[in-house]
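As stored in run.txt (compact mmCIF, C-alpha atoms):
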# COMPACT_ATOMS: atom_id res chain seq x y z
CA MET B 1 39.15 63.01 8.60
CA PRO B 2 40.80 62.36 5.22
CA LYS B 3 38.54 61.27 2.39
CA THR B 4 38.55 57.80 0.90
CA SER B 5 38.61 57.13 -2.81
CA LEU B 6 34.81 56.87 -2.76
CA ASP B 7 34.80 60.55 -3.60
CA THR B 8 35.03 61.03 -7.37
CA ALA B 9 33.83 64.60 -7.73
CA PRO B 10 35.90 66.31 -10.43
CA ALA B 11 38.07 69.31 -9.65
CA PRO B 12 36.37 72.66 -10.25
CA GLY B 13 36.71 73.69 -13.88
CA ALA B 14 37.28 70.13 -15.09
CA HIS B 15 34.80 68.20 -17.24
CA PRO B 16 31.28 67.86 -15.84
CA PRO B 17 30.76 65.05 -13.34
CA ALA B 18 29.32 61.72 -14.49
CA TRP B 19 25.74 62.53 -13.50
CA LEU B 20 25.74 65.74 -15.50
CA LEU B 21 27.13 64.07 -18.60
CA GLU B 22 24.32 61.56 -18.40
CA GLN B 23 21.86 64.40 -18.12
CA LEU B 24 23.41 66.13 -21.13
CA ALA B 25 22.89 62.94 -23.07
CA PHE B 26 19.35 62.08 -22.02
CA GLU B 27 17.75 65.19 -20.56
CA PRO B 28 19.73 68.16 -21.89
CA GLU B 29 16.97 70.64 -21.07
CA ALA B 30 17.57 69.94 -17.36
CA ALA B 31 21.35 70.12 -17.56
CA GLY B 32 21.71 73.89 -17.33
CA ASP B 33 23.28 76.43 -19.66
CA GLU B 34 26.79 76.19 -18.28
CA ALA B 35 27.00 72.44 -18.84
CA ARG B 36 25.51 72.72 -22.32
CA ARG B 37 28.00 75.45 -23.25
CA HIS B 38 30.86 73.31 -21.97
CA GLN B 39 29.69 70.36 -24.01
CA GLU B 40 29.38 72.42 -27.18
CA GLY B 41 32.98 73.54 -26.89
CA CYS B 42 34.49 70.30 -25.61
CA LEU B 43 35.23 67.48 -28.00
CA THR B 44 35.80 65.01 -25.18
CA CYS B 45 32.40 65.67 -23.63
CA LYS B 46 30.68 65.75 -26.98
CA SER B 47 32.09 62.35 -27.76
CA ALA B 48 31.14 61.03 -24.31
CA VAL B 49 27.56 62.15 -24.82
CA THR B 50 27.45 60.57 -28.29
CA GLU B 51 28.81 57.36 -26.77
CA LEU B 52 26.01 57.31 -24.20
CA THR B 53 23.23 57.93 -26.72
CA GLU B 54 24.62 55.22 -28.98
CA ALA B 55 24.73 52.81 -26.01
CA ARG B 56 21.08 53.61 -25.31
CA ARG B 57 20.16 52.86 -28.93
CA ARG B 58 21.80 49.44 -28.67
CA PHE B 59 20.13 48.82 -25.33
CA LEU B 60 16.68 49.51 -26.77
CA VAL B 61 17.30 47.20 -29.71
CA ASP B 62 18.05 44.38 -27.25
CA ARG B 63 15.23 45.31 -24.88
CA PRO B 64 12.43 46.90 -26.89
CA ALA B 65 10.13 49.28 -25.09
CA HIS B 66 6.89 47.52 -25.99
CA ARG B 67 8.15 44.24 -24.55
CA PHE B 68 9.47 45.87 -21.41
CA ALA B 69 6.29 47.88 -20.80
CA ALA B 70 4.18 44.74 -21.25
CA GLY B 71 6.34 42.95 -18.66
CA VAL B 72 5.96 45.81 -16.20
CA GLU B 73 2.23 45.89 -16.64
CA GLU B 74 1.90 42.12 -16.32
CA ARG B 75 3.93 42.05 -13.14
CA SER B 76 2.11 44.99 -11.68
CA SER B 77 -1.26 43.30 -12.25
CA ARG B 78 0.02 39.98 -10.94
CA GLU B 79 1.23 41.58 -7.76
CA ALA B 80 -2.06 43.40 -7.43
CA ARG B 81 -1.18 44.40 -4.00
CA PRO B 82 -0.64 48.01 -3.25
CA THR B 83 2.46 49.39 -1.64
CA ALA B 84 0.44 52.27 -0.31
CA GLY B 85 -2.91 53.03 1.14
CA TRP B 86 -4.13 54.82 -1.98
CA TRP B 87 -5.72 51.51 -3.01
CA PRO B 88 -9.39 52.20 -3.53
CA PRO B 89 -11.27 50.50 -0.71
CA ARG B 90 -13.63 48.85 -3.12
CA ARG B 91 -15.65 46.45 -1.02
CA TRP B 92 -15.23 48.54 2.08
CA ASN B 93 -16.22 51.72 0.38
CA ALA B 94 -19.29 50.12 -1.06
CA ARG B 95 -20.24 48.96 2.39
CA TRP B 96 -19.64 52.35 3.96
CA LEU B 97 -21.67 54.06 1.30
CA LEU B 98 -24.65 51.93 2.22
CA VAL B 99 -24.44 53.06 5.80
CA PRO B 100 -26.37 56.23 6.60
CA ALA B 101 -24.27 58.73 8.44
CA ALA B 102 -26.41 58.46 11.54
CA ALA B 103 -25.76 54.74 11.73
CA ALA B 104 -22.01 55.03 11.27
CA ALA B 105 -21.28 55.04 14.98
CA ALA B 106 -23.30 51.88 15.45
CA VAL B 107 -21.41 50.17 12.65
CA LEU B 108 -18.17 51.15 14.28
CA LEU B 109 -19.35 49.58 17.48
CA VAL B 110 -19.83 46.34 15.62
CA LEU B 111 -16.42 46.58 14.11
CA ILE B 112 -14.60 47.32 17.30
CA ILE B 113 -15.83 44.33 19.22
CA PRO B 114 -12.58 43.56 20.99
CA LEU B 115 -10.60 40.59 19.90
CA PRO B 116 -9.95 38.01 22.61
CA SER B 117 -6.77 39.94 22.90
CA SER B 118 -5.37 41.76 19.95
CA ARG B 119 -2.08 41.84 21.79
CA GLN B 120 -1.83 38.10 21.55
CA ASP B 121 -1.04 38.81 17.94
CA ALA B 122 1.58 41.34 18.71
CA VAL B 123 5.12 40.13 18.81
CA HIS B 124 6.08 43.16 20.77
CA VAL B 125 4.36 46.34 21.76
CA LYS B 126 6.57 49.22 22.74
CA GLY B 127 5.14 51.86 25.01
CA ALA B 128 1.67 51.66 26.42
CA GLY B 129 -1.77 51.60 24.99
CA ALA B 130 -1.21 51.34 21.25
CA VAL B 131 -3.14 48.62 19.45
CA LEU B 132 -3.35 47.73 15.81
CA ARG B 133 -6.66 46.16 14.83
CA ILE B 134 -6.96 44.40 11.52
CA PHE B 135 -10.39 44.03 9.97
CA LEU B 136 -10.91 41.44 7.31
CA SER B 137 -13.42 41.09 4.52
CA ARG B 138 -13.31 37.79 2.64
CA GLY B 139 -15.23 36.94 -0.52
CA GLY B 140 -17.25 40.14 -0.29
CA GLN B 141 -18.59 39.16 3.13
CA ALA B 142 -19.05 41.62 5.94
CA ALA B 143 -15.86 42.79 7.56
CA ARG B 144 -14.89 41.39 10.92
CA PRO B 145 -11.92 41.68 13.22
CA MET B 146 -9.15 39.30 12.36
CA GLU B 147 -8.79 36.64 15.00
CA PRO B 148 -5.51 35.42 16.47
CA GLY B 149 -4.05 32.59 14.45
CA MET B 150 -6.31 33.21 11.47
CA ALA B 151 -4.54 32.65 8.14
CA LEU B 152 -5.00 35.20 5.39
CA ARG B 153 -5.76 34.30 1.79
CA PRO B 154 -5.25 35.93 -1.59
CA GLY B 155 -8.10 38.33 -2.30
CA ASP B 156 -8.75 39.11 1.38
CA VAL B 157 -9.35 42.80 1.92
CA LEU B 158 -7.83 44.33 5.04
CA ARG B 159 -8.43 47.58 6.76
CA PHE B 160 -6.51 48.89 9.72
CA GLY B 161 -7.75 50.47 12.90
CA VAL B 162 -5.53 52.10 15.49
CA VAL B 163 -6.08 52.73 19.15
CA ALA B 164 -3.50 55.14 20.48
CA PRO B 165 -3.58 57.85 23.08
CA GLY B 166 -2.22 61.20 21.92
CA ALA B 167 -2.29 62.90 18.53
CA ARG B 168 0.43 61.03 16.75
CA HIS B 169 1.16 60.00 13.21
CA ALA B 170 0.54 56.41 12.20
CA PHE B 171 2.46 54.55 9.53
CA VAL B 172 1.45 51.01 8.62
CA ALA B 173 3.73 48.86 6.49
CA SER B 174 4.76 45.25 6.19
CA VAL B 175 7.71 43.11 5.35
CA ASP B 176 7.31 39.51 4.20
CA GLU B 177 9.55 36.55 4.72
CA ALA B 178 11.36 37.25 1.45
CA GLY B 179 12.15 40.77 2.66
CA ARG B 180 9.61 42.53 0.44
CA PHE B 181 8.49 45.82 1.91
CA SER B 182 4.97 47.18 1.42
CA ARG B 183 3.60 50.52 2.49
CA TYR B 184 -0.08 50.57 3.45
CA ASP B 185 -0.82 53.86 5.12
CA PRO B 186 -0.56 56.82 4.71
CA ALA B 187 -1.20 56.88 1.00
CA GLY B 188 1.42 57.52 -1.65
CA ASP B 189 4.01 60.09 -0.71
CA THR B 190 1.75 61.87 1.76
CA ALA B 191 2.48 62.26 5.46
CA GLY B 192 -1.15 61.52 6.34
CA ALA B 193 -3.22 63.26 8.97
CA PRO B 194 -2.30 62.72 12.63
CA LEU B 195 -4.58 60.54 14.73
CA ASP B 196 -7.23 62.55 16.51
CA GLY B 197 -5.73 61.90 19.93
CA SER B 198 -9.00 60.71 21.47
CA GLY B 199 -7.65 57.26 22.26
CA ALA B 200 -10.70 55.72 20.55
CA LEU B 201 -10.32 53.31 17.68
CA GLN B 202 -9.63 55.21 14.50
CA LEU B 203 -9.94 53.51 11.13
CA LEU B 204 -7.18 54.45 8.74
CA PRO B 205 -8.29 55.47 5.25
CA GLY B 206 -8.01 53.00 2.39
CA SER B 207 -7.84 49.25 2.38
CA VAL B 208 -5.54 46.58 1.05
CA GLU B 209 -6.38 43.61 -1.13
CA LEU B 210 -3.92 40.76 -0.74
CA ASP B 211 -2.17 39.32 -3.75
CA GLU B 212 -1.20 35.71 -4.45
CA THR B 213 1.98 35.80 -2.40
CA THR B 214 1.92 33.30 0.44
CA GLY B 215 4.02 32.82 3.54
CA ARG B 216 4.82 34.73 6.66
CA GLU B 217 4.54 38.48 6.87
CA TRP B 218 4.86 41.09 9.59
CA ILE B 219 2.44 44.01 9.60
CA VAL B 220 3.86 46.90 11.56
CA LEU B 221 2.16 49.95 13.01
CA LEU B 222 4.48 52.81 13.90
CA LEU B 223 3.35 55.79 15.93
CA SER B 224 5.51 58.87 16.03
CA PRO B 225 5.22 62.53 17.03
CA GLN B 226 6.32 63.61 13.54
CA PRO B 227 5.41 61.90 10.24
CA LEU B 228 7.82 59.15 9.25
CA GLY B 229 9.25 58.92 5.73
CA GLU B 230 8.85 55.79 3.66
CA GLU B 231 12.58 55.35 3.26
CA GLU B 232 13.31 55.40 6.98
CA VAL B 233 10.48 52.94 7.61
CA ARG B 234 11.63 50.72 4.78
CA GLY B 235 15.20 50.77 6.12
CA ALA B 236 14.04 49.98 9.65
CA LEU B 237 11.78 47.12 8.57
CA LEU B 238 14.43 45.57 6.39
CA ALA B 239 16.96 45.84 9.22
CA ALA B 240 14.44 44.21 11.58
CA TRP B 241 13.75 41.54 8.95
CA ARG B 242 17.45 40.78 8.69
CA GLY B 243 17.61 40.49 12.47
CA ARG B 244 14.53 38.24 12.73
CA GLN B 245 14.50 35.13 14.85
CA GLY B 246 11.74 32.68 14.07
CA ASP B 247 8.53 34.64 13.87
CA ARG B 248 9.96 37.63 15.72
CA LEU B 249 11.35 40.59 13.89
CA GLY B 250 14.59 42.08 15.15
CA PRO B 251 14.81 45.58 16.67
CA LEU B 252 13.32 48.33 14.50
CA GLY B 253 15.69 51.05 15.64
CA LEU B 254 13.17 53.85 15.06
CA ALA B 255 12.10 56.53 17.47
CA ALA B 256 8.50 55.36 17.27
CA GLU B 257 6.13 53.21 19.24
CA ALA B 258 5.70 49.98 17.33
CA VAL B 259 3.13 47.21 17.19
CA VAL B 260 4.17 44.19 15.15
CA VAL B 261 1.59 41.64 14.06
CA PRO B 262 2.89 38.48 12.41
CA VAL B 263 0.45 36.95 9.93
CA VAL B 264 0.55 33.94 7.63
CA LYS B 265 -0.84 33.95 4.12
CA VAL B 266 -1.89 30.65 2.61
CA ALA B 267 -3.12 29.73 -0.87
CA ARG B 268 -6.86 29.79 -1.57
CA MET Q 1 0.90 56.90 -14.67
CA THR Q 2 -0.34 55.05 -17.73
CA SER Q 3 1.30 52.21 -19.56
CA LEU Q 4 2.05 54.52 -22.50
CA GLU Q 5 3.78 56.98 -20.20
CA ILE Q 6 5.82 54.16 -18.70
CA ARG Q 7 6.87 53.14 -22.18
CA ALA Q 8 7.91 56.67 -23.09
CA LEU Q 9 9.82 57.03 -19.84
CA TYR Q 10 11.58 53.74 -20.45
CA GLU Q 11 12.54 54.67 -24.02
CA ARG Q 12 14.15 57.82 -22.79
CA PHE Q 13 15.63 56.80 -19.45
CA GLY Q 14 15.45 52.99 -19.26
CA PHE Q 15 19.05 52.62 -20.33
CA SER Q 16 20.23 55.01 -17.63
CA VAL Q 17 18.19 53.19 -15.01
CA TYR Q 18 19.53 49.80 -16.09
CA ARG Q 19 23.07 51.12 -16.18
CA ARG Q 20 22.63 52.51 -12.70
CA CYS Q 21 21.31 49.23 -11.35
CA LEU Q 22 24.11 47.36 -13.04
CA ARG Q 23 26.73 49.68 -11.60
CA VAL Q 24 25.32 49.15 -8.10
CA LEU Q 25 24.54 45.44 -8.30
CA ARG Q 26 27.30 44.28 -10.70
CA ASP Q 27 25.16 41.46 -11.97
CA PRO Q 28 23.28 41.84 -15.28
CA ALA Q 29 20.42 39.51 -14.26
CA LEU Q 30 19.89 41.32 -10.96
CA ALA Q 31 20.11 44.65 -12.75
CA GLU Q 32 17.38 43.57 -15.20
CA ASP Q 33 15.18 42.64 -12.22
CA ALA Q 34 15.88 45.93 -10.50
CA LEU Q 35 15.12 47.81 -13.73
CA GLN Q 36 11.69 46.23 -13.73
CA ASP Q 37 11.30 46.96 -9.99
CA VAL Q 38 11.82 50.64 -10.73
CA PHE Q 39 9.17 50.89 -13.42
CA VAL Q 40 6.68 48.71 -11.53
CA ARG Q 41 7.14 51.06 -8.60
CA VAL Q 42 6.61 54.08 -10.83
CA LEU Q 43 3.51 52.52 -12.41
CA ARG Q 44 2.03 51.76 -9.01
CA LEU Q 45 2.97 54.88 -7.15
CA GLY Q 46 1.78 57.08 -9.96
CA ASP Q 47 3.68 60.19 -10.77
CA GLY Q 48 5.50 61.01 -7.58
CA PHE Q 49 7.63 63.35 -9.64
CA ARG Q 50 7.88 66.76 -8.02
CA GLY Q 51 9.55 68.75 -10.78
CA GLY Q 52 13.20 69.17 -11.70
CA SER Q 53 14.98 66.36 -13.47
CA ARG Q 54 13.01 63.23 -14.34
CA LEU Q 55 16.27 61.39 -14.83
CA ALA Q 56 17.47 62.29 -11.34
CA TRP Q 57 14.10 61.27 -9.91
CA LEU Q 58 14.27 57.88 -11.63
CA LEU Q 59 17.86 57.30 -10.60
CA ARG Q 60 16.98 57.85 -6.94
CA ILE Q 61 14.26 55.22 -7.31
CA ALA Q 62 16.79 52.98 -9.05
CA ASP Q 63 19.25 53.41 -6.18
CA ARG Q 64 16.53 52.41 -3.73
CA ALA Q 65 15.46 49.42 -5.81
CA ALA Q 66 19.04 48.19 -6.18
CA LEU Q 67 19.82 48.74 -2.49
CA ASP Q 68 16.65 46.88 -1.56
CA ARG Q 69 17.89 43.93 -3.55
CA ILE Q 70 21.23 44.07 -1.74
CA ASP Q 71 19.38 44.29 1.59
CA ARG Q 72 17.25 41.31 0.66
CA ASP Q 73 20.06 39.12 -0.60
CA GLY Q 74 22.66 40.43 1.84
CA VAL Q 75 25.43 40.04 -0.70
CA LEU Q 76 26.85 41.99 -3.54
CA ALA Q 77 28.59 40.50 -6.56
CA PRO Q 78 32.34 40.86 -6.16
CA TRP Q 79 34.07 43.66 -7.96
CA ARG Q 80 35.79 42.65 -11.17
CA PRO Q 81 38.10 45.11 -12.93
CA GLU Q 82 36.81 44.08 -16.38
CA MET Q 83 33.32 45.15 -15.31
CA GLU Q 84 34.46 48.76 -15.48
CA GLU Q 85 35.01 48.38 -19.20
CA ALA Q 86 31.61 46.85 -20.00
CA PRO Q 87 29.74 49.20 -22.33
CA ASP Q 88 26.68 49.41 -20.11
CA VAL Q 89 28.76 50.24 -17.07
CA ALA Q 90 31.66 52.36 -18.26
CA SER Q 91 31.19 55.98 -17.42
CA PRO Q 92 32.76 58.41 -19.85
CA LEU Q 93 35.31 60.63 -18.17
CA LEU Q 94 34.85 58.88 -14.85
CA GLN Q 95 37.80 56.57 -14.63
CA ALA Q 96 37.62 55.60 -11.00
CA PRO Q 97 38.08 51.85 -10.69
CA GLU Q 98 39.36 52.31 -7.15
CA ALA Q 99 36.09 53.95 -6.15
CA SER Q 100 34.12 51.11 -7.75
CA ARG Q 101 36.18 48.50 -5.97
CA LEU Q 102 35.84 50.23 -2.63
CA LEU Q 103 32.13 50.78 -3.15
CA SER Q 104 31.57 47.09 -3.82
CA GLU Q 105 33.47 46.23 -0.64
CA VAL Q 106 31.55 48.47 1.71
CA LEU Q 107 28.12 49.12 0.20
CA ALA Q 108 26.22 46.14 1.59
CA ALA Q 109 27.48 46.83 5.12
CA LEU Q 110 26.51 50.50 5.23
CA PRO Q 111 23.29 51.88 6.72
CA ALA Q 112 20.76 53.14 4.16
CA ARG Q 113 21.54 56.84 4.42
CA LEU Q 114 25.23 56.30 3.95
CA GLN Q 115 24.57 53.97 1.04
CA GLU Q 116 22.81 56.78 -0.81
CA VAL Q 117 25.67 59.15 -0.18
CA ALA Q 118 28.19 56.51 -1.24
CA LEU Q 119 26.43 56.03 -4.57
CA LEU Q 120 26.10 59.73 -5.31
CA SER Q 121 29.69 60.33 -4.38
CA SER Q 122 31.36 57.44 -6.15
CA LEU Q 123 29.11 56.74 -9.14
CA ASP Q 124 27.93 60.24 -9.97
CA GLY Q 125 30.91 62.25 -8.85
CA MET Q 126 28.58 64.68 -7.07
CA SER Q 127 29.82 67.48 -4.88
CA GLN Q 128 28.32 67.83 -1.41
CA ALA Q 129 26.05 70.65 -2.58
CA GLU Q 130 24.81 68.51 -5.46
CA MET Q 131 24.18 65.61 -3.08
CA ALA Q 132 22.18 67.88 -0.78
CA ALA Q 133 20.00 68.94 -3.71
CA ALA Q 134 19.56 65.34 -4.88
CA LEU Q 135 18.65 64.04 -1.43
CA GLY Q 136 16.54 67.02 -0.44
CA CYS Q 137 18.52 67.72 2.73
CA SER Q 138 20.89 70.40 3.96
CA THR Q 139 24.55 70.60 3.05
CA MET Q 140 25.37 70.25 6.75
CA THR Q 141 23.54 66.93 6.84
CA VAL Q 142 25.41 65.76 3.76
CA LYS Q 143 28.72 66.85 5.27
CA ARG Q 144 27.93 64.79 8.37
CA ARG Q 145 26.96 61.77 6.33
CA VAL Q 146 30.01 62.04 4.10
CA ARG Q 147 32.22 62.19 7.17
CA ALA Q 148 30.49 59.13 8.60
CA LEU Q 149 30.80 57.39 5.24
CA HIS Q 150 34.53 57.89 5.08
CA GLU Q 151 34.92 56.69 8.65
CA ARG Q 152 32.81 53.59 8.00
CA ALA Q 153 34.54 52.85 4.73
CA ARG Q 154 37.89 53.02 6.47
CA GLU Q 155 36.73 50.77 9.32
CA LEU Q 156 35.14 48.27 6.97
CA THR Q 157 38.15 47.99 4.72
CA ALA Q 158 40.46 47.71 7.75
CA HIS Q 159 38.24 45.05 9.35
CA PRO Q 160 36.27 43.24 6.62
CA GLY Q 161 33.08 41.54 7.83
CA GLN Q 162 32.76 43.83 10.83
CA GLU Q 163 29.23 44.62 11.99
CA VAL Q 164 28.39 48.28 11.71
CA ASP Q 165 26.50 50.07 14.44
CA HIS Q 166 23.93 52.11 12.52
CA ALA Q 167 22.59 54.24 15.32
CA GLU Q 168 24.91 57.18 15.08
CA ASP Q 169 24.69 57.31 11.29
CA LEU Q 170 20.99 57.94 11.28
CA ALA Q 171 21.19 61.59 12.24
Kindly transcribe the structure held in the file into structure tokens.
Amino acid sequence: MPKTSLDTAPAPGAHPPAWLLEQLAFEPEAAGDEARRHQEGCLTCKSAVTELTEARRRFLVDRPAHRFAAGVEERSSREARPTAGWWPPRRWNARWLLVPAAAAAAVLLVLIIPLPSSRQDAVHVKGAGAVLRIFLSRGGQAARPMEPGMALRPGDVLRFGVVAPGARHAFVASVDEAGRFSRYDPAGDTAGAPLDGSGALQLLPGSVELDETTGREWIVLLLSPQPLGEEEVRGALLAAWRGRQGDRLGPLGLAAEAVVVPVVKVAR
Amino acid sequence: MTSLEIRALYERFGFSVYRRCLRVLRDPALAEDALQDVFVRVLRLGDGFRGGSRLAWLLRIADRAALDRIDRDGVLAPWRPEMEEAPDVASPLLQAPEASRLLSEVLAALPARLQEVALLSSLDGMSQAEMAAALGCSTMTVKRRVRALHERARELTAHPGQEVDHAEDLA
């Protein structure tokens, strides 16, 4: 198969490729000795690197760092909604801490009172037996299972529980009607521990506090034999979002059992 | 990551990140938004940096942020030859307007994994071994994706607007 002109790698022995020149300009310590030696002896590359550093100087004059950093911080606080499950489960944690270990099982029994049918919420459930339960704490009140048709509000704190036979990995994420992807669990870049395989309800660690965004959103539980990566989940959810019809997401195209729960967020 | 660290990171690499977003999105306003997306993501996710080049790490996040915007909007600004000369876009020693034009024609229609390869190949001029290191996968996987990329690019340019079946590209 002949290549297309998308391939711009330089011939061996030619000047360094574009990415390496950029590294020579902005992170020379990572560029490697060979590239640095080439640059020292090559007027063309030297001038290219000077050109890049001068362009950065102009860029920073137009977009000063203090202003940019303030904007990033402001937006991050405004969207105080985590993209991962590392969010400290503030209200939930406080509640758990008050519960003596011996009483934990009893508390769980309260929490897992079955919804009229959690599957009424699910747009589609692939495979058998997997259920995503969403528990909701509003205004610091005790957590309770989210009921079908219940609208969510900014400041609501959610925690996820999974019922799934077999020791599989769970990944919970969402996509909203504007196509914004959020990762809830597992936390950060971690793969997370597999479910214990007991088939009993298992609460996932961490909780999520909703931001001010309103509108429709799809919360998706994915269960897979191997941990899923954020990028593949993001790609699948965005593809499903593009293929949505009404309140149904399109096909996810992932080798994972999926439970999709559409929710609506309204203003306070 | 603290606000001060974000500021230091921006002072050093913000221009590169913006330039990257601009080269992918071809729209200065969208690139500014994507630039902020990148640093908001970094601020929230904390330091997901695993060693190596911080610039490379940020540029991968920038690729993702820019591609997410394309995914969300479903369109990409049309390629304009004069864009190649803009100071924030021009790449010293990389005079490849044909690659830029082709990239703008096919990028939005490619599946995510081929999009990444397309960017590394056409914007960075990376070899397959360099792409494998950047993406954290084997050279064999990159070879397969590059082959699929060339096939898709050819199909898409021969039949503009054609839907692409992603399934076989996800290997």
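Pairwise distance (CA of Arg248 in chain B, CA of Val172 in chain B) equals 17.4 Å.
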>> From the options B:Leu237, B:Leu158, B:Leu210, B:Ala200, which residue's atoms come nearest to Ala267 in chain B, counting all atoms listed in the file?
In response: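 Nearest to Ala267 in chain B: B:Leu210.
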> When you draw a straight line from CA of Leu58 in chain Q to CA of Arg41 in chain Q, how long is it in Å?
Replying inline: 10.3 Å
> Excluding same-chain residues fewer than 2 positions from range 36-39 of chain B, what lies within 12 Å of it counting all atoms listed in the file, as a list of chain:residue names?
Replying inline: B:Gly13, B:Ala14, B:His15, B:Pro16, B:Pro17, B:Leu20, B:Leu21, B:Glu22, B:Gln23, B:Leu24, B:Ala25, B:Glu27, B:Pro28, B:Glu29, B:Ala30, B:Ala31, B:Gly32, B:Asp33, B:Glu34, B:Gly41, B:Cys42, B:Leu43, B:Thr44, B:Cys45, B:Lys46, B:Ser47, B:Ala48, B:Val49, B:Thr50
Give me a file of those residues, with C-alpha atoms, as an mmCIF file, keeping the file's coordinate frame.
data_model
loop_
_atom_site.group_PDB
_atom_site.id
_atom_site.type_symbol
_atom_site.label_atom_id
_atom_site.label_comp_id
_atom_site.auth_asym_id
_atom_site.auth_seq_id
_atom_site.Cartn_x
_atom_site.Cartn_y
_atom_site.Cartn_z
ATOM 1 C CA GLY B 13 36.710 73.690 -13.880
ATOM 2 C CA ALA B 14 37.280 70.130 -15.090
ATOM 3 C CA HIS B 15 34.800 68.200 -17.240
ATOM 4 C CA PRO B 16 31.280 67.860 -15.840
ATOM 5 C CA PRO B 17 30.760 65.050 -13.340
ATOM 6 C CA LEU B 20 25.740 65.740 -15.500
ATOM 7 C CA LEU B 21 27.130 64.070 -18.600
ATOM 8 C CA GLU B 22 24.320 61.560 -18.400
ATOM 9 C CA GLN B 23 21.860 64.400 -18.120
ATOM 10 C CA LEU B 24 23.410 66.130 -21.130
ATOM 11 C CA ALA B 25 22.890 62.940 -23.070
ATOM 12 C CA GLU B 27 17.750 65.190 -20.560
ATOM 13 C CA PRO B 28 19.730 68.160 -21.890
ATOM 14 C CA GLU B 29 16.970 70.640 -21.070
ATOM 15 C CA ALA B 30 17.570 69.940 -17.360
ATOM 16 C CA ALA B 31 21.350 70.120 -17.560
ATOM 17 C CA GLY B 32 21.710 73.890 -17.330
ATOM 18 C CA ASP B 33 23.280 76.430 -19.660
ATOM 19 C CA GLU B 34 26.790 76.190 -18.280
ATOM 20 C CA GLY B 41 32.980 73.540 -26.890
ATOM 21 C CA CYS B 42 34.490 70.300 -25.610
ATOM 22 C CA LEU B 43 35.230 67.480 -28.000
ATOM 23 C CA THR B 44 35.800 65.010 -25.180
ATOM 24 C CA CYS B 45 32.400 65.670 -23.630
ATOM 25 C CA LYS B 46 30.680 65.750 -26.980
ATOM 26 C CA SER B 47 32.090 62.350 -27.760
ATOM 27 C CA ALA B 48 31.140 61.030 -24.310
ATOM 28 C CA VAL B 49 27.560 62.150 -24.820
ATOM 29 C CA THR B 50 27.450 60.570 -28.290
#
> Q:Val24, Q:Ala129, Q:Ala31, Q:Leu123: which is nearest chain B, counting only C-alpha atoms?
Replying inline: Q:Leu123
> In terms of the shortest atom-to-atom distance over only C-alpha atoms, which of B:Val208, B:Ala256, B:Ala239, B:Leu195 is closest to chain Q?
Replying inline: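 With only C-alpha atoms as the atom set, the closest residue is B:Ala239.
Interatomic distance, CA of Leu254 in chain B against CA of Ala236 in chain B: 6.7 Å.
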> Around (28.1, 56.1, -2.0) in the file's own coordinates, what residues are found within 12 Å if you use only C-alpha atoms, given back as JSON, numbers by chain?
Replying inline: {"B": [4, 5, 6, 7, 8, 9], "Q": [23, 24, 63, 67, 99, 100, 101, 102, 103, 104, 105, 106, 107, 108, 109, 110, 111, 112, 113, 114, 115, 116, 117, 118, 119, 120, 121, 122, 123, 124, 125, 126, 127, 128, 131, 142, 145, 146, 147, 148, 149, 150, 152, 153]}
>> Calculated over only C-alpha atoms, which of the candidates Q:Val40, Q:Trp57, Q:Ala62, Q:Asp33 has the smallest distance to Val17 in chain Q?
In response: Q:Ala62
Using all atoms listed in the file and a cutoff of 8 Å, can you tell me which residues are near (-2.7, 50.5, 9.8) in the file's coordinates, and write them out as a CSV table (one decimal) with C-alpha atoms, in the frame of the given file?
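Result file point12.csv:
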chain,number,residue,atom,x,y,z
B,132,LEU,CA,-3.4,47.7,15.8
B,133,ARG,CA,-6.7,46.2,14.8
B,134,ILE,CA,-7.0,44.4,11.5
B,159,ARG,CA,-8.4,47.6,6.8
B,160,PHE,CA,-6.5,48.9,9.7
B,161,GLY,CA,-7.8,50.5,12.9
B,162,VAL,CA,-5.5,52.1,15.5
B,170,ALA,CA,0.5,56.4,12.2
B,171,PHE,CA,2.5,54.6,9.5
B,172,VAL,CA,1.4,51.0,8.6
B,173,ALA,CA,3.7,48.9,6.5
B,184,TYR,CA,-0.1,50.6,3.4
B,185,ASP,CA,-0.8,53.9,5.1
B,203,LEU,CA,-9.9,53.5,11.1
B,204,LEU,CA,-7.2,54.4,8.7
B,220,VAL,CA,3.9,46.9,11.6
B,221,LEU,CA,2.2,50.0,13.0
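The residue that comes closest to chain Q, out of B:Arg216, B:His169, B:Arg138, B:Arg183 and on the basis of all atoms listed in the file, is B:Arg183.
The shortest atom-to-atom distance to Gly246 in chain B, with only C-alpha atoms taken into account, belongs to B:Glu217 out of B:Ser137, B:Glu217, B:Thr190, B:Leu228.
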